[in-house]
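Novice: File protein.txt below, compact mmCIF, C-alpha atoms and all ligand atoms:
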# COMPACT_ATOMS: atom_id res chain seq x y z
CA MET A 25 -54.23 54.32 -5.93
CA ILE A 26 -50.83 53.01 -7.03
CA SER A 27 -49.36 53.86 -10.43
CA ARG A 28 -49.14 51.26 -13.19
CA ARG A 29 -45.41 51.97 -13.30
CA ILE A 30 -45.03 50.53 -9.81
CA LEU A 31 -47.65 47.82 -10.13
CA ASN A 32 -45.74 46.60 -13.15
CA ILE A 33 -42.57 45.75 -11.22
CA GLU A 34 -41.97 43.15 -8.54
CA GLU A 35 -40.53 43.51 -5.07
CA SER A 36 -36.83 42.53 -4.76
CA SER A 37 -36.92 38.83 -3.83
CA THR A 38 -33.49 38.93 -2.21
CA LEU A 39 -34.58 41.70 0.13
CA ALA A 40 -38.01 40.09 0.64
CA MET A 41 -36.42 36.79 1.69
CA ALA A 42 -34.01 38.60 4.03
CA GLN A 43 -36.97 40.39 5.65
CA LYS A 44 -38.98 37.18 5.95
CA SER A 45 -36.09 35.52 7.72
CA ARG A 46 -35.64 38.55 10.08
CA ASP A 47 -39.35 38.33 10.92
CA LEU A 48 -39.09 34.62 11.70
CA VAL A 49 -36.06 35.27 13.94
CA LYS A 50 -38.17 37.85 15.84
CA GLU A 51 -40.81 35.16 16.33
CA GLY A 52 -38.14 33.05 18.01
CA LYS A 53 -37.22 30.75 15.10
CA LYS A 54 -33.53 29.87 14.77
CA ILE A 55 -33.19 30.73 11.10
CA ILE A 56 -29.80 30.71 9.41
CA ASN A 57 -30.00 33.39 6.79
CA LEU A 58 -28.18 32.45 3.58
CA SER A 59 -30.43 34.63 1.46
CA LEU A 60 -28.79 38.03 1.37
CA GLY A 61 -25.59 38.85 -0.48
CA GLU A 62 -23.96 40.83 2.27
CA PRO A 63 -20.46 40.32 3.72
CA ASP A 64 -20.62 39.46 7.43
CA PHE A 65 -17.27 41.25 7.98
CA ASN A 66 -16.98 44.69 9.50
CA THR A 67 -15.84 47.70 7.49
CA PRO A 68 -12.01 48.06 7.75
CA ASN A 69 -10.96 50.38 10.59
CA PHE A 70 -9.11 52.96 8.48
CA ILE A 71 -12.32 53.62 6.53
CA LYS A 72 -14.33 54.02 9.74
CA GLU A 73 -11.70 56.46 11.05
CA ALA A 74 -11.99 58.56 7.88
CA ALA A 75 -15.76 58.78 8.43
CA LYS A 76 -15.35 59.83 12.08
CA LYS A 77 -12.88 62.52 11.00
CA ALA A 78 -15.34 63.77 8.38
CA ILE A 79 -18.03 64.16 11.04
CA ASP A 80 -15.64 66.09 13.29
CA GLU A 81 -14.54 68.27 10.38
CA ASP A 82 -18.17 69.16 9.68
CA PHE A 83 -18.66 67.65 6.27
CA SER A 84 -22.34 68.12 6.86
CA LYS A 85 -23.54 70.14 3.88
CA TYR A 86 -24.94 69.12 0.50
CA THR A 87 -22.14 67.90 -1.72
CA PRO A 88 -21.85 68.50 -5.49
CA VAL A 89 -24.54 66.29 -7.08
CA GLY A 90 -22.11 63.84 -8.72
CA GLY A 91 -19.88 63.64 -5.65
CA TYR A 92 -16.98 65.60 -4.14
CA ASP A 93 -14.32 66.48 -6.73
CA ASP A 94 -11.59 64.64 -4.84
CA LEU A 95 -13.77 61.51 -4.65
CA ARG A 96 -14.42 61.60 -8.40
CA GLU A 97 -10.68 62.05 -8.91
CA ALA A 98 -9.93 59.07 -6.63
CA ILE A 99 -12.38 56.94 -8.65
CA SER A 100 -10.87 58.06 -11.96
CA GLU A 101 -7.46 57.06 -10.60
CA LYS A 102 -8.82 53.75 -9.24
CA PHE A 103 -10.17 52.87 -12.71
CA ARG A 104 -6.74 53.63 -14.19
CA ARG A 105 -4.73 51.88 -11.46
CA ASP A 106 -6.82 48.69 -11.01
CA ASN A 107 -8.69 48.28 -14.29
CA ASN A 108 -6.71 49.93 -17.13
CA LEU A 109 -9.75 52.12 -17.77
CA ILE A 110 -9.56 55.75 -18.76
CA TYR A 111 -12.44 57.80 -17.39
CA ASP A 112 -11.69 61.36 -16.42
CA LYS A 113 -13.20 62.96 -13.35
CA ASN A 114 -16.11 64.48 -15.26
CA GLN A 115 -17.15 61.06 -16.50
CA ILE A 116 -17.73 59.79 -12.96
CA ILE A 117 -20.88 60.01 -10.85
CA CYS A 118 -21.31 58.70 -7.28
CA SER A 119 -24.70 57.53 -6.07
CA THR A 120 -26.47 55.91 -3.15
CA GLY A 121 -25.29 52.40 -3.96
CA ALA A 122 -24.58 50.71 -7.29
CA LYS A 123 -28.29 49.94 -7.35
CA GLN A 124 -29.08 53.62 -7.77
CA SER A 125 -26.22 54.01 -10.27
CA LEU A 126 -27.78 51.28 -12.41
CA MET A 127 -31.40 52.42 -12.14
CA GLN A 128 -30.48 56.00 -13.04
CA LEU A 129 -28.31 54.85 -15.89
CA LEU A 130 -31.10 52.76 -17.40
CA LEU A 131 -33.59 55.62 -17.05
CA CYS A 132 -31.10 57.91 -18.79
CA ILE A 133 -30.30 55.72 -21.80
CA LEU A 134 -33.38 53.60 -22.51
CA ASN A 135 -36.43 54.68 -24.46
CA PRO A 136 -39.61 52.58 -24.38
CA ASN A 137 -39.12 49.36 -26.35
CA ASP A 138 -35.36 49.73 -26.69
CA GLU A 139 -33.75 46.32 -26.36
CA ILE A 140 -31.15 45.48 -23.78
CA ILE A 141 -29.39 42.14 -23.94
CA LEU A 142 -29.23 40.43 -20.56
CA PRO A 143 -27.47 37.11 -19.92
CA SER A 144 -29.53 34.84 -17.68
CA PRO A 145 -29.38 33.90 -14.79
CA TYR A 146 -29.20 37.61 -13.92
CA TRP A 147 -29.25 39.58 -10.68
CA VAL A 148 -32.92 40.13 -9.68
CA SER A 149 -32.94 43.89 -9.92
CA TYR A 150 -31.68 44.17 -13.51
CA PHE A 151 -34.85 42.65 -14.91
CA GLN A 152 -37.19 44.81 -12.84
CA MET A 153 -35.16 47.97 -13.51
CA ILE A 154 -35.35 47.38 -17.26
CA LYS A 155 -39.11 46.87 -16.99
CA PHE A 156 -39.37 50.06 -14.92
CA ALA A 157 -37.55 51.93 -17.71
CA LYS A 158 -40.17 50.46 -20.11
CA ALA A 159 -37.48 48.83 -22.22
CA LYS A 160 -37.32 45.25 -23.40
CA PRO A 161 -34.95 42.74 -21.80
CA VAL A 162 -33.64 40.33 -24.42
CA ILE A 163 -32.62 37.27 -22.49
CA LEU A 164 -29.54 35.30 -23.43
CA ASN A 165 -29.79 31.96 -21.62
CA THR A 166 -26.80 30.17 -20.17
CA SER A 167 -26.62 26.90 -18.27
CA ILE A 168 -24.45 24.85 -15.94
CA GLU A 169 -23.06 23.06 -19.02
CA ASN A 170 -21.48 26.26 -20.38
CA ASN A 171 -20.44 27.48 -16.91
CA PHE A 172 -23.26 30.04 -17.00
CA LYS A 173 -21.40 32.10 -19.60
CA ILE A 174 -22.46 33.46 -22.97
CA SER A 175 -20.21 33.27 -26.00
CA ALA A 176 -19.39 36.08 -28.40
CA LYS A 177 -21.38 34.18 -31.06
CA ASP A 178 -24.49 33.99 -28.83
CA LEU A 179 -24.28 37.73 -28.33
CA GLU A 180 -23.83 38.50 -32.01
CA LYS A 181 -27.05 36.64 -32.85
CA LYS A 182 -29.10 38.82 -30.52
CA ILE A 183 -27.85 42.23 -31.66
CA ASN A 184 -30.16 44.09 -34.06
CA THR A 185 -31.02 47.70 -34.89
CA ASN A 186 -33.15 48.04 -31.71
CA THR A 187 -30.32 46.96 -29.42
CA LYS A 188 -29.43 49.83 -27.14
CA ALA A 189 -27.26 48.07 -24.59
CA PHE A 190 -25.69 44.86 -23.41
CA LEU A 191 -25.32 44.20 -19.69
CA ILE A 192 -22.53 42.02 -18.34
CA ASN A 193 -21.84 41.16 -14.70
CA SER A 194 -18.54 39.43 -13.98
CA PRO A 195 -18.03 38.04 -11.35
CA SER A 196 -21.71 37.23 -11.52
CA ASN A 197 -24.50 37.32 -8.99
CA PRO A 198 -26.08 34.71 -8.74
CA THR A 199 -23.90 32.19 -10.64
CA GLY A 200 -20.37 33.17 -9.61
CA ALA A 201 -19.30 32.96 -13.29
CA VAL A 202 -16.16 34.93 -14.16
CA TYR A 203 -15.30 35.72 -17.78
CA THR A 204 -11.66 35.27 -18.76
CA LYS A 205 -9.67 38.01 -20.43
CA GLU A 206 -9.85 36.13 -23.73
CA GLU A 207 -13.64 35.72 -23.52
CA LEU A 208 -14.06 39.43 -22.81
CA ARG A 209 -11.80 40.28 -25.73
CA GLU A 210 -13.93 38.11 -28.05
CA ILE A 211 -17.15 39.72 -26.82
CA SER A 212 -15.56 43.15 -27.33
CA ASN A 213 -14.72 42.30 -30.92
CA ILE A 214 -18.44 41.81 -31.58
CA ILE A 215 -19.35 45.00 -29.73
CA LYS A 216 -16.83 46.98 -31.81
CA LYS A 217 -18.85 46.12 -34.92
CA HIS A 218 -21.85 47.86 -33.33
CA PRO A 219 -20.67 51.28 -32.18
CA LYS A 220 -24.17 52.35 -31.08
CA VAL A 221 -24.50 49.54 -28.53
CA ILE A 222 -23.61 50.61 -25.00
CA VAL A 223 -21.88 48.03 -22.81
CA ILE A 224 -22.86 48.16 -19.15
CA SER A 225 -20.35 46.29 -17.05
CA ASP A 226 -21.34 45.73 -13.42
CA GLU A 227 -18.10 44.96 -11.58
CA ILE A 228 -19.30 45.18 -7.99
CA TYR A 229 -17.75 41.76 -7.18
CA GLU A 230 -14.35 42.77 -8.61
CA HIS A 231 -12.52 41.98 -5.38
CA ILE A 232 -14.21 38.63 -4.81
CA ASN A 233 -12.61 36.79 -7.68
CA PHE A 234 -11.06 33.35 -7.11
CA THR A 235 -9.42 33.24 -10.54
CA LYS A 236 -6.47 35.37 -11.60
CA LYS A 237 -6.82 39.13 -11.72
CA HIS A 238 -10.14 40.78 -12.46
CA THR A 239 -10.52 42.04 -16.05
CA SER A 240 -12.79 44.91 -17.09
CA ILE A 241 -14.37 44.58 -20.52
CA GLY A 242 -13.79 48.33 -21.00
CA GLU A 243 -10.09 47.58 -21.33
CA PHE A 244 -10.77 46.44 -24.92
CA LEU A 245 -13.22 49.16 -25.93
CA ASP A 246 -13.44 52.93 -26.19
CA THR A 247 -14.66 53.92 -22.73
CA LYS A 248 -15.28 57.47 -23.87
CA LYS A 249 -17.83 56.26 -26.44
CA GLN A 250 -19.29 52.91 -25.57
CA VAL A 251 -18.70 51.58 -22.06
CA VAL A 252 -20.32 52.26 -18.71
CA THR A 253 -18.46 50.63 -15.82
CA VAL A 254 -20.41 50.32 -12.58
CA ASN A 255 -18.85 49.54 -9.23
CA GLY A 256 -19.26 50.33 -5.54
CA LEU A 257 -18.01 49.74 -2.04
CA SER A 258 -20.71 47.39 -0.72
CA LYS A 259 -19.22 44.00 -1.49
CA GLY A 260 -15.41 44.20 -1.67
CA PHE A 261 -15.07 46.64 1.24
CA ALA A 262 -17.88 45.25 3.45
CA MET A 263 -19.80 48.54 3.31
CA THR A 264 -23.34 47.59 2.28
CA GLY A 265 -25.02 49.99 4.68
CA TRP A 266 -22.90 53.02 3.75
CA ARG A 267 -24.48 53.21 0.29
CA LEU A 268 -21.80 54.24 -2.16
CA GLY A 269 -21.94 53.17 -5.78
CA TYR A 270 -20.35 54.85 -8.76
CA LEU A 271 -20.00 54.63 -12.50
CA GLY A 272 -17.75 55.87 -15.26
CA ALA A 273 -19.45 56.56 -18.60
CA PRO A 274 -19.25 58.55 -21.83
CA THR A 275 -19.60 62.22 -20.78
CA LYS A 276 -23.12 62.69 -22.20
CA ILE A 277 -24.40 59.76 -20.14
CA THR A 278 -22.72 60.96 -16.94
CA LYS A 279 -24.22 64.42 -17.42
CA ALA A 280 -27.68 62.92 -17.91
CA CYS A 281 -27.31 60.83 -14.73
CA ILE A 282 -26.23 63.93 -12.79
CA LYS A 283 -29.27 65.80 -14.10
CA LEU A 284 -31.58 63.02 -12.90
CA GLN A 285 -29.79 62.60 -9.57
CA GLY A 286 -30.06 66.35 -8.99
CA GLN A 287 -33.85 65.97 -9.03
CA PHE A 288 -33.84 62.73 -7.16
CA THR A 289 -31.46 62.53 -4.18
CA SER A 290 -29.14 65.57 -4.66
CA GLY A 291 -26.21 63.16 -4.25
CA THR A 292 -25.13 60.59 -1.72
CA CYS A 293 -24.15 61.02 1.95
CA SER A 294 -21.24 63.42 2.58
CA ILE A 295 -19.67 61.30 5.34
CA THR A 296 -19.79 58.15 3.22
CA GLN A 297 -18.12 60.06 0.40
CA ARG A 298 -15.22 61.19 2.61
CA ALA A 299 -14.78 57.60 3.86
CA ALA A 300 -14.89 56.36 0.26
CA ILE A 301 -11.94 58.57 -0.66
CA SER A 302 -9.76 56.85 1.93
CA ALA A 303 -11.04 53.41 0.82
CA LEU A 304 -10.35 53.98 -2.87
CA GLN A 305 -7.04 55.83 -2.63
CA LYS A 306 -5.44 52.81 -0.99
CA LYS A 307 -4.25 49.92 -3.19
CA PRO A 308 -6.93 47.28 -2.70
CA ASP A 309 -4.56 44.63 -1.26
CA PHE A 310 -6.41 44.76 2.05
CA THR A 311 -9.49 43.22 0.40
CA LYS A 312 -7.55 39.98 -0.21
CA GLU A 313 -8.00 38.82 3.36
CA MET A 314 -11.78 38.86 2.99
CA LYS A 315 -11.57 37.20 -0.41
CA ASN A 316 -9.47 34.36 1.02
CA LYS A 317 -12.04 33.79 3.73
CA PHE A 318 -14.78 33.63 1.11
CA LEU A 319 -12.70 31.08 -0.78
CA ILE A 320 -12.41 28.85 2.29
CA ARG A 321 -16.17 29.08 2.75
CA ARG A 322 -16.83 28.34 -0.90
CA ASN A 323 -14.73 25.17 -0.74
CA LEU A 324 -16.30 24.09 2.53
CA THR A 325 -19.87 24.62 1.29
CA MET A 326 -19.19 22.99 -2.08
CA ASN A 327 -17.81 19.87 -0.37
CA LEU A 328 -20.77 19.63 1.99
CA LEU A 329 -23.31 20.12 -0.80
CA LYS A 330 -21.62 17.52 -2.98
CA ASN A 331 -22.45 14.95 -0.30
CA ILE A 332 -26.14 15.51 -0.77
CA GLU A 333 -27.81 13.17 -3.22
CA GLY A 334 -29.00 14.64 -6.51
CA ILE A 335 -27.75 18.23 -6.29
CA LYS A 336 -25.61 19.63 -9.11
CA VAL A 337 -23.14 22.14 -7.71
CA PRO A 338 -21.14 24.18 -10.23
CA GLU A 339 -18.05 25.80 -8.74
CA PRO A 340 -18.41 29.58 -8.47
CA LYS A 341 -15.25 31.38 -9.59
CA GLY A 342 -16.17 34.63 -7.87
CA ALA A 343 -18.76 36.55 -5.79
CA PHE A 344 -20.18 34.86 -2.69
CA TYR A 345 -23.00 32.65 -3.89
CA ILE A 346 -23.46 29.01 -4.79
CA PHE A 347 -26.12 28.52 -7.44
CA ALA A 348 -26.97 24.84 -7.30
CA ASP A 349 -29.43 22.75 -9.31
CA PHE A 350 -31.97 21.13 -6.96
CA SER A 351 -34.38 19.90 -9.66
CA TYR A 352 -33.83 16.27 -8.56
CA TYR A 353 -36.12 17.07 -5.62
CA PHE A 354 -38.98 18.55 -7.66
CA ASN A 355 -42.25 16.61 -7.64
CA LYS A 356 -41.28 14.77 -4.46
CA LYS A 357 -43.66 14.73 -1.52
CA TYR A 358 -43.56 15.84 2.10
CA LYS A 359 -46.61 15.05 4.27
CA GLN A 360 -48.84 14.68 1.20
CA LYS A 361 -47.70 17.99 -0.27
CA ILE A 362 -45.83 17.89 -3.57
CA ILE A 363 -42.89 20.28 -3.92
CA LYS A 364 -43.30 21.38 -7.50
CA ASN A 365 -40.49 23.85 -8.20
CA ASN A 366 -37.57 25.88 -6.83
CA ASP A 367 -39.86 28.49 -5.20
CA GLU A 368 -41.63 25.80 -3.21
CA LEU A 369 -38.39 24.02 -2.36
CA SER A 370 -36.76 27.22 -1.10
CA LEU A 371 -39.84 27.84 1.05
CA PHE A 372 -39.75 24.25 2.32
CA LEU A 373 -36.07 24.71 3.33
CA LEU A 374 -37.06 27.84 5.24
CA GLU A 375 -40.10 26.41 7.01
CA GLU A 376 -38.86 22.87 7.67
CA GLY A 377 -35.10 23.39 7.79
CA GLU A 378 -34.93 26.96 9.11
CA VAL A 379 -32.47 27.95 6.37
CA ALA A 380 -33.21 30.99 4.21
CA THR A 381 -32.08 30.81 0.57
CA VAL A 382 -33.35 32.51 -2.60
CA SER A 383 -35.15 30.63 -5.33
CA GLY A 384 -33.48 30.79 -8.75
CA SER A 385 -36.77 31.90 -10.30
CA ALA A 386 -36.03 35.46 -9.19
CA PHE A 387 -32.85 35.26 -11.28
CA GLY A 388 -34.57 33.79 -14.33
CA ASP A 389 -33.77 30.13 -13.59
CA ASN A 390 -36.21 27.28 -12.87
CA ASN A 391 -33.89 24.63 -11.46
CA CYS A 392 -31.50 26.34 -9.07
CA ILE A 393 -31.50 27.81 -5.59
CA ARG A 394 -29.03 30.49 -4.52
CA ILE A 395 -27.10 29.99 -1.30
CA SER A 396 -25.10 32.95 0.00
CA ILE A 397 -21.78 31.94 1.55
CA ALA A 398 -21.27 35.32 3.21
CA SER A 399 -21.79 33.70 6.63
CA SER A 400 -19.52 32.08 9.21
CA GLU A 401 -18.14 28.57 8.62
CA LYS A 402 -20.09 27.39 11.66
CA ASP A 403 -23.39 28.67 10.25
CA LEU A 404 -22.63 27.27 6.81
CA LYS A 405 -21.93 23.81 8.27
CA THR A 406 -25.13 23.83 10.32
CA ALA A 407 -27.18 25.18 7.44
CA ILE A 408 -26.02 22.58 4.94
CA SER A 409 -26.61 19.74 7.40
CA ARG A 410 -30.13 21.11 7.97
CA ILE A 411 -30.70 21.25 4.21
CA LYS A 412 -29.49 17.65 3.87
CA LYS A 413 -31.80 16.46 6.63
CA CYS A 414 -34.73 18.35 5.18
CA LEU A 415 -34.25 16.98 1.68
CA SER A 416 -34.04 13.43 3.05
CA LYS A 417 -37.65 13.84 4.22
CA LEU A 418 -38.85 14.14 0.62
CA SER A 419 -39.95 11.00 -1.16
N1 LIG A 501 -25.04 44.69 -8.71
C1 LIG A 501 -25.06 43.43 -8.24
C2 LIG A 501 -24.74 42.31 -9.18
C3 LIG A 501 -25.35 43.17 -6.90
O1 LIG A 501 -25.36 41.92 -6.44
C4 LIG A 501 -25.64 44.25 -6.05
C5 LIG A 501 -25.98 43.92 -4.61
N2 LIG A 501 -26.90 44.61 -3.99
C6 LIG A 501 -25.63 45.56 -6.60
C7 LIG A 501 -25.33 45.73 -7.93
C8 LIG A 501 -25.97 46.78 -5.81
O2 LIG A 501 -25.12 47.01 -4.74
P1 LIG A 501 -25.20 48.31 -3.84
O3 LIG A 501 -26.45 49.04 -4.20
O4 LIG A 501 -25.22 47.81 -2.44
O5 LIG A 501 -23.99 49.11 -4.16
N1 LIG A 502 -27.10 42.11 -4.06
C1 LIG A 502 -27.41 41.42 -2.86
C2 LIG A 502 -28.15 40.13 -3.19
O1 LIG A 502 -28.32 39.80 -4.33
C3 LIG A 502 -28.12 42.27 -1.86
C4 LIG A 502 -29.59 42.42 -2.00
C5 LIG A 502 -29.96 43.18 -3.21
O2 LIG A 502 -29.58 44.33 -3.30
O3 LIG A 502 -30.60 42.56 -4.05
O4 LIG A 502 -28.53 39.45 -2.27
Just give me the structure as structure tokens.

Specialist:
Amino acid sequence: MISRRILNIEESSTLAMAQKSRDLVKEGKKIINLSLGEPDFNTPNFIKEAAKKAIDEDFSKYTPVGGYDDLREAISEKFRRDNNLIYDKNQIICSTGAKQSLMQLLLCILNPNDEIILPSPYWVSYFQMIKFAKAKPVILNTSIENNFKISAKDLEKKINTNTKAFLINSPSNPTGAVYTKEELREISNIIKKHPKVIVISDEIYEHINFTKKHTSIGEFLDTKKQVVTVNGLSKGFAMTGWRLGYLGAPTKITKACIKLQGQFTSGTCSITQRAAISALQKKPDFTKEMKNKFLIRRNLTMNLLKNIEGIKVPEPKGAFYIFADFSYYFNKKYKQKIIKNNDELSLFLLEEGEVATVSGSAFGDNNCIRISIASSEKDLKTAISRIKKCLSKLS
């Protein structure tokens, strides 16, 4: 009954774990949910006010498919102001979350068997989206030892005549890796030698960066020809449920995405778009408060995890996840059952410790487990002490 296209992709494991933990809470279990990457803060008041005003002013009709003109202008200006990127209004398209921006983009640029270079560990959906577009992900592995970052040389080795695109996500979900300006410049120098390769830069964690200022790779390349920059309001502005993602791209690509979106959703919610204008027109200084809170939580969680025997905990430089190596606990036993891998360990932490995490396997990694730190300090403390207790039961 179901198409091969759908049977061929997997359910999102981040969303599946979040649902599993909601279901257990309904059954009366006291689960602490550190699975989902979702800020626990509320949307800033001035953005909520803009949305209320839009409702009262009857912004209730279909919008232009790519978004209201003044929103696309605000995004073009945001790219210039915050990222040194030149995309004019017609190169921008707004969608129902960065997830839709990315899926549409891949459908618009990839032919079957085109290669797309993807550093691993990668965000779950990239891999499935590429499969859905029938293209071939070419995985570029990284590890804790190289801070989960690729080098320009690694990239160069993977580029060939079938390479259509290269996808980079800095700050990264799940590893928290952040590329420095110099590293991005070096990667760009390789890309410049291959003018047909499209760079897709997912910068959704731009505002959750614990290093210096965020750098966009597009700063070093010709954005009109070769770079698609994807961003959105979900993470930095605590607006996951509002569903506003956007991208800037070479005009041909933007036009193709608008064509697809016109047959698909007709564009994203009018009220969200009006609220987004007020969010993006303001200098993003107000996001710093949330970032500083994430930093406190990162330090707290890192320190607590470091006290647990055997775990390797690399320090995330951005985003709100800790991606720690738990392989020390593989092949240990609990009540006669052997915990073989990170999937089984993550499940064990949920069932025995009542803490929801996401296994690294969903992100292309066999040793790590992802812990979201987008929760209160109190919950993080309780969760890590539960994890510690749980792991001490393994022998
Ligand atoms: N990219 C990355 C790396 C993410 O973690 C997320 C989180 N869902 C997205 C894109 C999509 O975000 P949204 O659809 O909520 O804008
Ligand atoms: N990006 C978040 C995460 O990785 C939200 C869930 C999703 O869209 O995958 O948890």

Novice: I need the residue nearest ligand LIG 501 (chain A) from this list: A:Glu73, A:Glu227, A:Glu81, A:Glu169. Use all atoms listed in the file for the distance.

Specialist: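 When distances to ligand LIG 501 (chain A) are compared using all atoms listed in the file, the smallest one comes from A:Glu227.
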
Novice: Please provide the set of residues having any atom within 12 Å of stretch 415-418 of chain A, restricted to only C-alpha atoms, with same-chain residues fewer than 3 positions apart removed, written as number ranges by chain.

Specialist: A: 329, 332-335, 350-364, 369-370, 372-374, 376-377, 408-412

Novice: Taking (-18.5, 51.6, -28.5) as a centre in this file's frame and 7 Å as the limit, can you find every polymer residue with an atom that close, using all atoms listed in the file, and give them as a VMD selection string?

Specialist: chain A and resid 215 to 216 218 to 222 245 to 246 249 to 251

Novice: Which polymer residues, protein or nucleic acid, are no farther than 12 Å from (-20.6, 58.8, -2.2), counting all atoms listed in the file, as JSON, numbers by chain?

Specialist: {"A": [75, 86, 87, 88, 89, 90, 91, 92, 93, 94, 95, 96, 98, 99, 116, 117, 118, 119, 120, 121, 122, 124, 125, 255, 256, 257, 258, 263, 266, 267, 268, 269, 270, 271, 289, 290, 291, 292, 293, 294, 295, 296, 297, 298, 299, 300, 301, 302, 303, 304]}

Novice: Compare A:Asn137, A:Tyr150, A:Pro145, A:Thr204 by their minimum atom-to-atom distance to A:Asn186, counting all atoms listed in the file, and give me the closest one.

Specialist: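 Checking each of A:Asn137, A:Tyr150, A:Pro145, A:Thr204 against A:Asn186, counting all atoms listed in the file, the winner is A:Asn137.
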
Novice: Hey, can you check how far atom CA of A:Ile211 sits from atom CA of A:Val162?

Specialist: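 Taking atom CA of A:Ile211 and atom CA of A:Val162, their separation equals 16.7 Å.
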
Novice: Can you tell me, as a PyMOL selection string, what residues are no more than 9 Å from stretch 54-63 of chain A when counting only C-alpha atoms, ignoring any on the same chain fewer than 5 positions away?

Specialist: chain A and resi 38-39+41-42+45-46+48-49+197+258-264+314+343-345+374+377-382+394-399+403-404+406-407

Novice: What is the atom CA of A:Arg209-atom CA of A:Thr239 distance in Å, reported with one decimal?

Specialist: 9.9 Å

Novice: Please measure the separation of atom CA of A:Ser100 and atom CA of A:Gly272, giving the value in Å to one decimal.

Specialist: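 Going from atom CA of A:Ser100 over to atom CA of A:Gly272, I get 7.9 Å.
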
Novice: Give the padded box for stretch 333-351 of chain A as JSON: axis-aligned, covering all atoms listed in the file, 4 Å on each side, centre and edge lengths in Å to one decimal.

Specialist:
{"center_x": -24.8, "center_y": 24.9, "center_z": -6.5, "size_x": 27.1, "size_y": 31.4, "size_z": 15.5}

Novice: With all atoms listed in the file as the atoms that count, which of A:Ser194, A:Thr253, A:Asn107, A:Gln115 lies nearest to ligand LIG 501 (chain A)?

Specialist: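 Under the stated criterion, the closest residue is A:Ser194.
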
Novice: Of the candidates A:Asp138, A:Glu230, A:Ala74, A:Asn114, which shows the shortest atom-to-atom distance to ligand LIG 501 (chain A), using only C-alpha atoms and all ligand atoms?

Specialist: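 Residue with the minimum atom-to-atom distance to ligand LIG 501 (chain A): A:Glu230.
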